[in-house]
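Enquirer: Here you go, my_file_35.txt (compact mmCIF, C-alpha atoms and all ligand atoms):
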# COMPACT_ATOMS: atom_id res chain seq x y z
CA MET A 1 0.00 0.00 0.00
CA VAL A 2 2.94 2.30 0.83
CA PHE A 3 6.22 1.15 -0.70
CA GLY A 4 9.78 2.38 -0.95
CA PRO A 5 11.25 4.85 -1.00
CA VAL A 6 12.74 3.84 -4.32
CA LYS A 7 15.12 5.76 -6.53
CA SER A 8 12.90 6.71 -9.44
CA ARG A 9 14.54 7.41 -12.76
CA ARG A 10 12.13 10.23 -13.39
CA LEU A 11 11.21 11.61 -9.98
CA GLY A 12 14.12 11.12 -7.57
CA ARG A 13 13.71 9.45 -4.18
CA SER A 14 10.09 8.44 -4.26
CA LEU A 15 7.71 6.93 -1.72
CA GLY A 16 5.00 5.03 -3.56
CA VAL A 17 1.33 4.94 -2.61
CA ASN A 18 -0.65 2.09 -4.13
CA LEU A 19 -4.41 2.66 -4.03
CA LEU A 20 -5.00 -0.52 -5.94
CA PRO A 21 -5.35 -4.18 -5.04
CA VAL A 22 -2.24 -5.88 -3.73
CA ASP A 23 -3.40 -9.21 -5.15
CA GLY A 24 -4.08 -8.12 -8.72
CA LYS A 25 -4.10 -5.22 -11.14
CA LEU A 26 -6.98 -2.85 -11.75
CA CYS A 27 -6.74 -0.64 -14.80
CA ASN A 28 -8.85 0.40 -17.75
CA PHE A 29 -5.76 0.03 -19.97
CA ASP A 30 -3.77 -3.11 -20.64
CA CYS A 31 -0.45 -1.70 -21.83
CA ILE A 32 1.88 -4.19 -23.48
CA TYR A 33 4.77 -2.74 -21.46
CA CYS A 34 3.08 -2.46 -18.04
CA GLU A 35 5.47 -3.23 -15.19
CA CYS A 36 2.54 -4.74 -13.26
CA GLY A 37 1.89 -7.36 -15.96
CA TRP A 38 -1.35 -7.90 -17.86
CA THR A 39 -4.53 -6.37 -16.48
CA ASP A 40 -6.74 -8.85 -14.65
CA ALA A 41 -10.08 -9.85 -16.16
CA PRO A 42 -12.84 -7.34 -15.29
CA ASP A 43 -14.79 -10.03 -13.43
CA LYS A 44 -11.93 -10.88 -11.05
CA PRO A 45 -13.06 -9.74 -7.60
CA LEU A 46 -10.54 -7.05 -6.71
CA ARG A 47 -10.86 -4.33 -4.20
CA PHE A 48 -9.27 -0.91 -3.81
CA ASN A 49 -7.27 -0.19 -0.71
CA ASP A 50 -9.27 1.52 2.02
CA ARG A 51 -8.82 5.28 2.38
CA GLY A 52 -8.30 5.19 6.16
CA VAL A 53 -5.82 2.33 5.96
CA ILE A 54 -3.81 4.14 3.28
CA ALA A 55 -3.65 7.32 5.37
CA GLU A 56 -2.54 5.39 8.44
CA ALA A 57 0.17 3.53 6.53
CA LEU A 58 1.41 6.71 4.88
CA GLU A 59 1.49 8.64 8.15
CA ALA A 60 3.46 5.87 9.88
CA ARG A 61 5.98 5.68 7.05
CA LEU A 62 6.45 9.45 6.73
CA ARG A 63 6.84 9.78 10.49
CA ALA A 64 9.45 7.01 10.60
CA MET A 65 11.37 8.52 7.68
CA SER A 66 11.26 11.98 9.18
CA GLU A 67 12.49 10.74 12.57
CA ALA A 68 15.30 8.79 10.88
CA GLY A 69 16.36 11.94 9.00
CA GLU A 70 15.78 10.27 5.63
CA GLY A 71 15.42 12.37 2.50
CA LEU A 72 12.36 12.27 0.29
CA ASP A 73 11.76 14.03 -3.02
CA VAL A 74 8.28 12.90 -3.84
CA ILE A 75 5.26 10.91 -2.72
CA THR A 76 4.01 9.19 -5.86
CA PHE A 77 0.61 7.65 -6.52
CA ALA A 78 1.49 4.56 -8.51
CA GLY A 79 1.01 0.85 -8.11
CA ASN A 80 -1.03 -2.00 -9.48
CA GLY A 81 -3.11 -0.07 -11.95
CA GLU A 82 -4.75 3.32 -12.45
CA PRO A 83 -4.98 5.34 -9.19
CA THR A 84 -7.66 7.75 -10.39
CA MET A 85 -10.12 4.82 -10.66
CA HIS A 86 -10.26 4.67 -6.85
CA PRO A 87 -13.74 5.90 -5.82
CA HIS A 88 -12.17 8.05 -3.07
CA PHE A 89 -9.21 9.29 -5.11
CA ALA A 90 -9.93 12.97 -4.37
CA GLU A 91 -10.18 12.41 -0.61
CA ILE A 92 -6.99 10.34 -0.60
CA VAL A 93 -5.19 13.15 -2.40
CA ASP A 94 -6.38 15.55 0.30
CA ASP A 95 -5.21 13.18 3.06
CA THR A 96 -1.83 12.82 1.36
CA VAL A 97 -1.29 16.54 0.81
CA ALA A 98 -2.21 17.21 4.47
CA LEU A 99 0.21 14.53 5.70
CA ARG A 100 2.93 15.85 3.42
CA ASP A 101 2.39 19.41 4.69
CA ARG A 102 2.60 18.22 8.28
CA LEU A 103 5.41 15.66 8.13
CA PHE A 104 7.50 16.26 4.98
CA PRO A 105 6.77 19.74 3.66
CA SER A 106 9.69 19.73 1.22
CA ALA A 107 8.42 16.63 -0.64
CA LYS A 108 6.25 16.93 -3.74
CA VAL A 109 3.13 14.91 -4.39
CA ALA A 110 2.90 13.33 -7.85
CA VAL A 111 0.30 11.18 -9.58
CA LEU A 112 1.09 8.87 -12.49
CA SER A 113 -2.11 8.42 -14.47
CA ASN A 114 -3.27 7.25 -17.88
CA ALA A 115 -5.51 10.37 -18.06
CA THR A 116 -8.66 8.41 -18.82
CA MET A 117 -10.55 9.61 -15.73
CA ILE A 118 -9.63 13.31 -15.85
CA GLY A 119 -12.97 14.14 -17.43
CA ARG A 120 -14.46 13.61 -13.96
CA GLU A 121 -14.48 16.92 -12.19
CA SER A 122 -13.49 15.44 -8.81
CA VAL A 123 -10.47 13.73 -10.37
CA ARG A 124 -9.39 16.82 -12.28
CA LYS A 125 -9.71 19.07 -9.23
CA ALA A 126 -7.76 16.57 -7.13
CA LEU A 127 -4.99 16.47 -9.74
CA GLU A 128 -4.90 20.27 -9.67
CA ARG A 129 -4.09 20.05 -5.95
CA VAL A 130 -0.98 17.86 -6.41
CA ASP A 131 2.40 19.19 -7.48
CA ARG A 132 2.76 17.01 -10.54
CA ALA A 133 -0.02 15.41 -12.52
CA ILE A 134 1.87 13.14 -14.91
CA LEU A 135 -0.47 12.03 -17.69
CA LYS A 136 0.10 9.43 -20.37
CA ILE A 137 -0.12 9.92 -24.13
CA ASP A 138 1.82 7.23 -26.00
CA SER A 139 0.71 8.01 -29.54
CA ALA A 140 -1.46 10.31 -31.63
CA PHE A 141 -2.79 7.35 -33.62
CA PRO A 142 -5.80 5.31 -32.44
CA GLU A 143 -4.39 2.09 -33.92
CA THR A 144 -1.09 2.49 -32.04
CA ILE A 145 -2.96 3.31 -28.83
CA ARG A 146 -5.12 0.22 -29.36
CA ILE A 147 -2.08 -2.04 -29.66
CA VAL A 148 0.24 -0.36 -27.13
CA ASN A 149 -2.24 0.66 -24.42
CA GLY A 150 -5.05 -1.86 -24.97
CA PRO A 151 -7.84 0.42 -23.69
CA ARG A 152 -10.75 -1.61 -22.32
CA PHE A 153 -13.33 0.95 -23.35
CA ASP A 154 -14.01 3.32 -26.21
CA TYR A 155 -10.94 5.55 -25.79
CA SER A 156 -10.92 8.93 -27.53
CA LEU A 157 -7.67 10.90 -27.66
CA ASP A 158 -9.62 14.00 -28.71
CA LYS A 159 -11.64 13.76 -25.50
CA VAL A 160 -8.49 13.30 -23.40
CA ILE A 161 -6.91 16.35 -25.07
CA GLU A 162 -10.08 18.37 -24.40
CA TRP A 163 -9.95 17.34 -20.73
CA MET A 164 -6.21 18.07 -20.52
CA ASN A 165 -6.85 21.59 -21.78
CA ARG A 166 -8.85 22.31 -18.63
CA PHE A 167 -5.56 22.13 -16.68
CA GLU A 168 -4.32 25.16 -18.65
CA GLY A 169 -0.87 23.65 -19.08
CA ASP A 170 -0.32 22.60 -15.50
CA ILE A 171 0.38 18.96 -16.36
CA VAL A 172 3.30 16.78 -17.36
CA VAL A 173 2.79 14.58 -20.41
CA GLN A 174 4.54 11.25 -20.18
CA THR A 175 5.24 9.02 -23.17
CA MET A 176 6.71 5.55 -23.50
CA PHE A 177 8.67 5.00 -26.71
CA LEU A 178 9.19 1.44 -27.86
CA ARG A 179 9.36 -0.92 -30.78
CA GLY A 180 8.21 -4.45 -31.29
CA GLU A 181 5.61 -6.68 -32.82
CA LYS A 182 2.26 -7.99 -31.67
CA ASP A 183 -0.07 -10.35 -33.52
CA GLY A 184 1.96 -9.81 -36.68
CA ILE A 185 1.63 -6.02 -36.44
CA VAL A 186 4.80 -3.92 -36.23
CA ILE A 187 4.85 -1.48 -33.31
CA ASP A 188 7.08 1.59 -33.49
CA ASN A 189 6.02 4.94 -32.07
CA THR A 190 9.45 6.45 -32.83
CA THR A 191 8.91 6.81 -36.59
CA ASP A 192 8.89 10.31 -38.04
CA GLU A 193 5.15 10.00 -38.76
CA GLU A 194 4.45 8.97 -35.14
CA VAL A 195 6.68 11.58 -33.52
CA SER A 196 5.45 14.42 -35.76
CA ALA A 197 1.80 13.64 -35.00
CA TRP A 198 2.58 13.28 -31.28
CA LEU A 199 4.35 16.69 -31.30
CA ASP A 200 1.19 18.18 -32.82
CA VAL A 201 -0.78 16.65 -29.94
CA LEU A 202 1.62 18.32 -27.49
CA ASP A 203 0.89 21.63 -29.22
CA ARG A 204 -2.81 21.07 -28.55
CA VAL A 205 -2.15 20.25 -24.87
CA ARG A 206 0.68 22.70 -24.13
CA PRO A 207 2.02 20.88 -21.03
CA SER A 208 4.48 22.44 -18.61
CA GLN A 209 6.83 19.51 -19.15
CA VAL A 210 7.21 16.35 -21.20
CA MET A 211 8.82 13.16 -19.88
CA ILE A 212 9.84 10.46 -22.32
CA TYR A 213 11.25 7.07 -21.52
CA SER A 214 11.57 3.53 -22.74
CA ILE A 215 11.35 0.02 -21.37
CA ASP A 216 13.47 -0.64 -18.30
CA ARG A 217 12.05 -3.83 -16.78
CA ALA A 218 10.38 -7.04 -17.86
CA THR A 219 7.20 -6.47 -19.86
CA PRO A 220 4.12 -8.70 -20.13
CA HIS A 221 4.47 -8.81 -23.92
CA ASP A 222 7.93 -10.10 -24.67
CA ARG A 223 8.45 -9.01 -28.28
CA LEU A 224 9.35 -5.43 -27.43
CA ALA A 225 12.62 -3.55 -27.80
CA LYS A 226 13.99 -0.65 -25.85
CA VAL A 227 14.68 2.69 -27.54
CA SER A 228 18.22 3.95 -26.90
CA GLY A 229 19.12 7.04 -24.91
CA ASP A 230 20.48 8.68 -28.07
CA GLU A 231 17.19 8.17 -29.87
CA LEU A 232 15.23 9.51 -26.91
CA GLU A 233 17.50 12.55 -26.86
CA ARG A 234 16.79 13.19 -30.55
CA ILE A 235 13.05 13.07 -29.83
CA ALA A 236 13.56 15.31 -26.77
CA GLU A 237 15.35 17.87 -28.95
CA ARG A 238 12.32 18.02 -31.24
CA VAL A 239 10.10 18.58 -28.19
CA ARG A 240 12.34 21.36 -26.89
CA ALA A 241 12.35 22.96 -30.34
CA ARG A 242 8.58 23.35 -29.91
CA GLY A 243 9.19 25.22 -26.66
CA TYR A 244 8.53 22.52 -24.06
CA ARG A 245 10.81 21.35 -21.31
CA CYS A 246 11.61 17.71 -21.96
CA ASP A 247 13.50 15.14 -19.92
CA HIS A 248 14.19 11.57 -20.81
CA THR A 249 15.41 8.57 -18.91
CA VAL A 250 16.96 5.38 -20.25
S1 LIG B 1 -2.04 2.64 -17.72
FE1 LIG B 1 -0.33 2.26 -16.34
S2 LIG B 1 -1.10 0.75 -14.89
FE2 LIG B 1 -2.54 0.76 -16.59
S3 LIG B 1 -1.82 -0.88 -17.96
FE3 LIG B 1 -0.86 1.02 -18.65
S4 LIG B 1 1.12 1.13 -17.63
FE4 LIG B 1 -0.14 -0.39 -16.54
Go through the file and emit its structure as structure tokens.

Expert:
Amino acid sequence: MVFGPVKSRRLGRSLGVNLLPVDGKLCNFDCIYCECGWTDAPDKPLRFNDRGVIAEALEARLRAMSEAGEGLDVITFAGNGEPTMHPHFAEIVDDTVALRDRLFPSAKVAVLSNATMIGRESVRKALERVDRAILKIDSAFPETIRIVNGPRFDYSLDKVIEWMNRFEGDIVVQTMFLRGEKDGIVIDNTTDEEVSAWLDVLDRVRPSQVMIYSIDRATPHDRLAKVSGDELERIAERVRARGYRCDHTV
């Protein structure tokens, strides 16, 4: 429920908060690269972690770290699935921000999300209260999104962009670049066509920052290849040329 701290490639020393089941994965995507493995079947009985239990666990961990003089850069909502699907996501954000203010005021609060729930006002407003809302867009093309992210509903990138615009730029867009093959279909979101269309999407969203990365750990689909640091840097340069801050990790 509370894990780490771990050294995150993208965020620094990060204490993770998992709102999702410990015995399975709950997400409305089924990304071929997900570090949690394939998404469980919708009929598997899974339950979200309880709000009160999460707050207690987080308070105990923050208190122990503070007393031990440990450093902490960020408290990150991540874990076995999509945190914004938790029915009490907004309240848990409030609990977390209050605990951070009281026990670790220098730490940031970040949420890693696939952006599919940000059309809900309570989710959007909660994300506006954290320091970093890090939202996924892996491609501008519906077919690539279908293969790479495996949405389990009728996903619309136009809708997600419309919802992202309500943040008025106060979001980080995060993108996984990879190559591979699935069911005989070639996957490569690093082609010029893919990157150019994705840059145009960034221009519609106008995020405060863009984070790009590639595969680092075992993936549920095994026919995937990592994109090199040099290639990520070339993509990052194109992002910066459009006027956005862009970091990448390998
Ligand atoms: S959105 Fe995140 S948690 Fe859900 S399948 Fe994709 S990588 Fe995994």

Enquirer: Find the distance between atom CA of Val201 of chain A and atom CA of Cys34 of chain A and write it in Å to one decimal.

Expert: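 So the two atoms, atom CA of Val201 of chain A and atom CA of Cys34 of chain A, lie 22.8 Å apart.
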
Enquirer: Which residues are close to Val97 of chain A, i.e. within 9 Å by all atoms listed in the file, leaving aside same-chain residues fewer than 2 positions away? Reply as a count of residues only.

Expert: 12

Enquirer: Give the residues close to ligand LIG 1 (chain B), within 6 Å, counting all atoms listed in the file; write them as a PDB file with C-alpha atoms, keeping the file's coordinate frame.

Expert:
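The resulting file, pocket.pdb, is reproduced below:
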ATOM      1  CA  CYS A  27      -6.740  -0.640 -14.800  1.00  0.00           C
ATOM      2  CA  PHE A  29      -5.760   0.030 -19.970  1.00  0.00           C
ATOM      3  CA  ASP A  30      -3.770  -3.110 -20.640  1.00  0.00           C
ATOM      4  CA  CYS A  31      -0.450  -1.700 -21.830  1.00  0.00           C
ATOM      5  CA  CYS A  34       3.080  -2.460 -18.040  1.00  0.00           C
ATOM      6  CA  GLY A  81      -3.110  -0.070 -11.950  1.00  0.00           C
ATOM      7  CA  GLU A  82      -4.750   3.320 -12.450  1.00  0.00           C
ATOM      8  CA  ASN A 114      -3.270   7.250 -17.880  1.00  0.00           C
ATOM      9  CA  ASN A 149      -2.240   0.660 -24.420  1.00  0.00           C
TER      10      ASN A 149
END

Enquirer: Take the point (10.4, 7.4, -8.8) as written in the file and pick out every residue within 12 Å of it, counting all atoms listed in the file; give the list as a ChimeraX atom specification.

Expert: /A:3-17,72-79,108-112,134,249

Enquirer: Residues of segment 63-144 of chain A that have any atom at most 10 Å from an atom of segment 43-54 of chain A: could you tabulate them with the shortest-distance atom pair and the distance in Å to one decimal, using only C-alpha atoms, ordered by chain and increasing number, as CSV?

Expert:
residue,atom,partner,partner_atom,distance
A:Pro83,CA,A:Phe48,CA,9.3
A:Met85,CA,A:Phe48,CA,9.0
A:His86,CA,A:Phe48,CA,6.4
A:Pro87,CA,A:Phe48,CA,8.4
A:His88,CA,A:Arg51,CA,7.0
A:Phe89,CA,A:Arg51,CA,8.5
A:Glu91,CA,A:Arg51,CA,7.9
A:Ile92,CA,A:Arg51,CA,6.2
A:Val93,CA,A:Arg51,CA,9.9
A:Asp95,CA,A:Arg51,CA,8.7
A:Thr96,CA,A:Ile54,CA,9.1

Enquirer: Give me, please, the distance in Å between atom CA of Val160 of chain A and atom CA of Ser139 of chain A, quoted to one decimal.

Expert: 12.3 Å

Enquirer: How far is it from atom CA of His248 of chain A to atom CA of Leu62 of chain A, in Å with one decimal?

Expert: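 Computing it gives 28.7 Å between the two atoms.
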
Enquirer: If you keep N, CA and C atoms, can you output segment 81-111 of chain A as a PDB file, in the first residue's frame?

Expert:
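The result, stored in part-v3.pdb:
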ATOM      1  N   GLY A  81      -2.025  -0.507 -11.094  1.00  0.00           N
ATOM      2  CA  GLY A  81      -3.109  -0.069 -11.955  1.00  0.00           C
ATOM      3  C   GLY A  81      -3.252   1.447 -11.975  1.00  0.00           C
ATOM      4  N   GLU A  82      -4.483   1.899 -12.230  1.00  0.00           N
ATOM      5  CA  GLU A  82      -4.751   3.317 -12.445  1.00  0.00           C
ATOM      6  C   GLU A  82      -5.310   3.955 -11.165  1.00  0.00           C
ATOM      7  N   PRO A  83      -4.537   4.821 -10.491  1.00  0.00           N
ATOM      8  CA  PRO A  83      -4.975   5.339  -9.191  1.00  0.00           C
ATOM      9  C   PRO A  83      -6.251   6.169  -9.238  1.00  0.00           C
ATOM     10  N   THR A  84      -6.487   6.866 -10.358  1.00  0.00           N
ATOM     11  CA  THR A  84      -7.664   7.749 -10.385  1.00  0.00           C
ATOM     12  C   THR A  84      -8.969   6.964 -10.483  1.00  0.00           C
ATOM     13  N   MET A  85      -8.889   5.640 -10.664  1.00  0.00           N
ATOM     14  CA  MET A  85     -10.115   4.821 -10.663  1.00  0.00           C
ATOM     15  C   MET A  85     -10.628   4.583  -9.245  1.00  0.00           C
ATOM     16  N   HIS A  86      -9.805   4.862  -8.240  1.00  0.00           N
ATOM     17  CA  HIS A  86     -10.256   4.669  -6.852  1.00  0.00           C
ATOM     18  C   HIS A  86     -11.453   5.585  -6.578  1.00  0.00           C
ATOM     19  N   PRO A  87     -12.549   5.051  -6.027  1.00  0.00           N
ATOM     20  CA  PRO A  87     -13.737   5.896  -5.817  1.00  0.00           C
ATOM     21  C   PRO A  87     -13.493   7.054  -4.854  1.00  0.00           C
ATOM     22  N   HIS A  88     -12.467   6.949  -4.000  1.00  0.00           N
ATOM     23  CA  HIS A  88     -12.165   8.049  -3.073  1.00  0.00           C
ATOM     24  C   HIS A  88     -10.821   8.702  -3.401  1.00  0.00           C
ATOM     25  N   PHE A  89     -10.497   8.720  -4.695  1.00  0.00           N
ATOM     26  CA  PHE A  89      -9.208   9.287  -5.108  1.00  0.00           C
ATOM     27  C   PHE A  89      -9.034  10.721  -4.592  1.00  0.00           C
ATOM     28  N   ALA A  90     -10.059  11.553  -4.754  1.00  0.00           N
ATOM     29  CA  ALA A  90      -9.933  12.965  -4.368  1.00  0.00           C
ATOM     30  C   ALA A  90      -9.660  13.101  -2.868  1.00  0.00           C
ATOM     31  N   GLU A  91     -10.376  12.321  -2.065  1.00  0.00           N
ATOM     32  CA  GLU A  91     -10.182  12.408  -0.613  1.00  0.00           C
ATOM     33  C   GLU A  91      -8.797  11.903  -0.228  1.00  0.00           C
ATOM     34  N   ILE A  92      -8.331  10.876  -0.915  1.00  0.00           N
ATOM     35  CA  ILE A  92      -6.992  10.337  -0.597  1.00  0.00           C
ATOM     36  C   ILE A  92      -5.910  11.351  -0.973  1.00  0.00           C
ATOM     37  N   VAL A  93      -6.123  12.071  -2.054  1.00  0.00           N
ATOM     38  CA  VAL A  93      -5.189  13.151  -2.402  1.00  0.00           C
ATOM     39  C   VAL A  93      -5.160  14.181  -1.276  1.00  0.00           C
ATOM     40  N   ASP A  94      -6.343  14.555  -0.786  1.00  0.00           N
ATOM     41  CA  ASP A  94      -6.385  15.547   0.300  1.00  0.00           C
ATOM     42  C   ASP A  94      -5.658  15.033   1.543  1.00  0.00           C
ATOM     43  N   ASP A  95      -5.901  13.759   1.902  1.00  0.00           N
ATOM     44  CA  ASP A  95      -5.210  13.176   3.059  1.00  0.00           C
ATOM     45  C   ASP A  95      -3.697  13.245   2.854  1.00  0.00           C
ATOM     46  N   THR A  96      -3.265  12.910   1.655  1.00  0.00           N
ATOM     47  CA  THR A  96      -1.827  12.820   1.357  1.00  0.00           C
ATOM     48  C   THR A  96      -1.175  14.196   1.398  1.00  0.00           C
ATOM     49  N   VAL A  97      -1.846  15.178   0.801  1.00  0.00           N
ATOM     50  CA  VAL A  97      -1.291  16.538   0.810  1.00  0.00           C
ATOM     51  C   VAL A  97      -1.199  17.054   2.253  1.00  0.00           C
ATOM     52  N   ALA A  98      -2.224  16.759   3.067  1.00  0.00           N
ATOM     53  CA  ALA A  98      -2.207  17.210   4.471  1.00  0.00           C
ATOM     54  C   ALA A  98      -1.072  16.535   5.236  1.00  0.00           C
ATOM     55  N   LEU A  99      -0.878  15.241   5.008  1.00  0.00           N
ATOM     56  CA  LEU A  99       0.213  14.529   5.696  1.00  0.00           C
ATOM     57  C   LEU A  99       1.574  15.060   5.240  1.00  0.00           C
ATOM     58  N   ARG A 100       1.688  15.289   3.948  1.00  0.00           N
ATOM     59  CA  ARG A 100       2.934  15.855   3.424  1.00  0.00           C
ATOM     60  C   ARG A 100       3.224  17.218   4.076  1.00  0.00           C
ATOM     61  N   ASP A 101       2.199  18.072   4.114  1.00  0.00           N
ATOM     62  CA  ASP A 101       2.390  19.410   4.687  1.00  0.00           C
ATOM     63  C   ASP A 101       2.854  19.312   6.140  1.00  0.00           C
ATOM     64  N   ARG A 102       2.310  18.344   6.852  1.00  0.00           N
ATOM     65  CA  ARG A 102       2.601  18.222   8.284  1.00  0.00           C
ATOM     66  C   ARG A 102       3.958  17.543   8.530  1.00  0.00           C
ATOM     67  N   LEU A 103       4.263  16.504   7.774  1.00  0.00           N
ATOM     68  CA  LEU A 103       5.406  15.659   8.127  1.00  0.00           C
ATOM     69  C   LEU A 103       6.607  15.790   7.188  1.00  0.00           C
ATOM     70  N   PHE A 104       6.386  16.194   5.940  1.00  0.00           N
ATOM     71  CA  PHE A 104       7.500  16.261   4.976  1.00  0.00           C
ATOM     72  C   PHE A 104       7.260  17.412   3.998  1.00  0.00           C
ATOM     73  N   PRO A 105       7.215  18.643   4.518  1.00  0.00           N
ATOM     74  CA  PRO A 105       6.767  19.741   3.656  1.00  0.00           C
ATOM     75  C   PRO A 105       7.614  19.976   2.407  1.00  0.00           C
ATOM     76  N   SER A 106       8.862  19.479   2.416  1.00  0.00           N
ATOM     77  CA  SER A 106       9.692  19.726   1.225  1.00  0.00           C
ATOM     78  C   SER A 106       9.383  18.729   0.094  1.00  0.00           C
ATOM     79  N   ALA A 107       8.688  17.647   0.397  1.00  0.00           N
ATOM     80  CA  ALA A 107       8.424  16.635  -0.638  1.00  0.00           C
ATOM     81  C   ALA A 107       7.277  17.080  -1.554  1.00  0.00           C
ATOM     82  N   LYS A 108       7.351  16.682  -2.799  1.00  0.00           N
ATOM     83  CA  LYS A 108       6.255  16.935  -3.741  1.00  0.00           C
ATOM     84  C   LYS A 108       5.270  15.764  -3.695  1.00  0.00           C
ATOM     85  N   VAL A 109       4.081  16.008  -4.209  1.00  0.00           N
ATOM     86  CA  VAL A 109       3.126  14.913  -4.390  1.00  0.00           C
ATOM     87  C   VAL A 109       2.883  14.773  -5.895  1.00  0.00           C
ATOM     88  N   ALA A 110       3.056  13.559  -6.412  1.00  0.00           N
ATOM     89  CA  ALA A 110       2.898  13.326  -7.851  1.00  0.00           C
ATOM     90  C   ALA A 110       1.909  12.183  -8.080  1.00  0.00           C
ATOM     91  N   VAL A 111       1.205  12.262  -9.195  1.00  0.00           N
ATOM     92  CA  VAL A 111       0.297  11.176  -9.581  1.00  0.00           C
ATOM     93  C   VAL A 111       0.650  10.738 -10.995  1.00  0.00           C
TER      94      VAL A 111
END
